[in-house]
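Novice: Submitted below is the structure of interest, expressed as structure tokens.
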Amino acid sequence: MSLFNGLNISASGLTANRLRMDVVSSNIANANTTRAELVNGEWVPYRRKSVQLSQSGISPFQQQLQSAMSKGNSQVSGVTVSKIEEDQTPFVQTYDPTNADADENGYVQSPNVDPIKEMVDLMSATRSYEANVTAMNASKSMFMKALEIGK
């Protein structure tokens with residue numbers, strides 16, 4: 001078991017949460033983008049994206065148990081981004097016949113981005129990021145105290 005396992009796990013959490021914050025920022029920035037991509041000759045609004053996280057390097061429970069019993073090396077290595085997926089909820093339709101993007105009935109399709117939901121996701125990612133920073137600082141403090149013992 002590596003002495004720096006805790007730091008590696010926290011570093012992977014920092015990286016994953018930074019990506020979550022980047023995706024949320026992109027969603028907020030494109031909340032009013034009605035022409036994001038051209039599909040079959042028609043412009044389609046921006047689709048909200050979300051980040052899916054998963055554990056990385058985790059062996060099955062029985063292997064973990066046997067490893068712990070035999071004082072073996074555990075394969076825990078943190079968190080990783082498994083995928084970034086588009087939210088398939090329908091676009092928001094608003095009536096605005098003067099808009100250049102309005103259809104023949106006067107409706108405009110807007111992105112499926114809810115700014116309140118995005119802010120909640122951003123706060124969650126920020127808190128997770130802060131928790132990983134706190135864990136890294138605690139590990140660093142323990143390493144420093146261990147070095148002082150040897151004096």
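A note on labels: chains of the structure tokens are A, B, ... as shown, every chain counts residues from 1, and ligands are counted from 1 in their shown order.
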Give me, as a list in words, all polymer residues having an atom no more than 8 Å from Phe91 in chain A, counting only C-alpha atoms and skipping those fewer than 2 positions away in the same chain.
Specialist: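 Once the adjacent positions are removed, what remains is Pro45, Thr89, Gln93, Gln109, Ser110, Pro111 and Asn112 of chain A.
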Novice: Do you have the CA of Asp121 in chain A-CA of Val92 in chain A distance handy?
Specialist: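 According to the coordinates, CA of Asp121 in chain A and CA of Val92 in chain A are separated by 20.0 Å.
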Novice: Under the rule that only C-alpha atoms are counted, which of A:Lys49, A:Ser77, A:Glu42, A:Asn105 is the nearest residue to Ala29 in chain A?
Specialist: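 The shortest atom-to-atom distance to Ala29 in chain A comes from A:Lys49.
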Novice: I'd like the neighbourhood of range 124-126 of chain A as JSON, numbers by chain, where a residue qualifies if any of its atoms comes within 8 Å (using only C-alpha atoms), though same-chain residues fewer than 5 positions away should be ignored.
Specialist: {"A": [17, 18, 20, 21]}
Novice: Write to file, as a tab-separated table (two decimals), in the first residue's frame, the residues of the selection just made, with N, CA and C atoms.
Specialist:
chain	number	residue	atom	x	y	z
A	17	ASN	N	-13.89	16.83	-10.22
A	17	ASN	CA	-14.77	17.93	-9.86
A	17	ASN	C	-14.47	19.20	-10.65
A	18	ARG	N	-13.23	19.38	-11.04
A	18	ARG	CA	-12.91	20.51	-11.91
A	18	ARG	C	-13.61	20.34	-13.26
A	20	ARG	N	-16.38	18.64	-13.73
A	20	ARG	CA	-17.81	18.89	-13.47
A	20	ARG	C	-18.11	20.38	-13.51
A	21	MET	N	-17.25	21.18	-12.89
A	21	MET	CA	-17.46	22.63	-12.88
A	21	MET	C	-17.34	23.22	-14.29
Novice: Enumerate as number ranges by chain all residues of range 106-150 of chain A assigned to strand (DSSP E) by DSSP on the backbone, naming them with the chain letters and numbers the document uses.
Specialist: A: 107-110
Novice: Need the shell around Ser54 in chain A: protein/DNA/RNA residues with any atom at most 7 Å away, counting only C-alpha atoms. Skip same-chain ones fewer than 2 positions apart. Format as a list in words?
Specialist: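 My reading of the contact set: Gln52, Ser56, Val79, Thr80, Val81 and Ser82 of chain A.
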Novice: Once you have the residues from the selection above, write them out as a short mmCIF file (atom, residue, chain, number, x, y, z; two decimals), in the first residue's frame, restricted to N, CA and C atoms.
Specialist:
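Output contents, as saved in result.cif:
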data_model
loop_
_atom_site.label_atom_id
_atom_site.label_comp_id
_atom_site.auth_asym_id
_atom_site.auth_seq_id
_atom_site.Cartn_x
_atom_site.Cartn_y
_atom_site.Cartn_z
N GLN A 52 -20.77 11.93 -15.58
CA GLN A 52 -20.99 10.71 -14.80
C GLN A 52 -19.65 10.27 -14.21
N SER A 56 -12.57 4.19 -9.62
CA SER A 56 -11.55 3.61 -10.49
C SER A 56 -10.64 2.71 -9.66
N VAL A 79 -11.37 8.30 -8.13
CA VAL A 79 -12.57 8.49 -8.94
C VAL A 79 -12.16 8.88 -10.36
N THR A 80 -13.00 8.51 -11.32
CA THR A 80 -12.73 8.85 -12.70
C THR A 80 -14.03 9.27 -13.39
N VAL A 81 -13.91 10.03 -14.45
CA VAL A 81 -15.09 10.41 -15.22
C VAL A 81 -15.39 9.27 -16.19
N SER A 82 -16.56 8.66 -16.02
CA SER A 82 -16.91 7.53 -16.89
C SER A 82 -17.46 8.02 -18.23
#
Novice: Taking only C-alpha atoms into account, which of A:Asp101, A:Val24, A:Ala131, A:Leu7 comes nearest Ile116 in chain A?
Specialist: A:Val24
Novice: Could you work out how far CA of Thr15 in chain A lies from CA of Ile84 in chain A, giving the answer in Å with one decimal?
Specialist: 14.3 Å
Novice: As an exercise, work out the distance from CA of Ala135 in chain A to CA of Lys117 in chain A in Å and give it to one decimal place.
Specialist: 27.2 Å
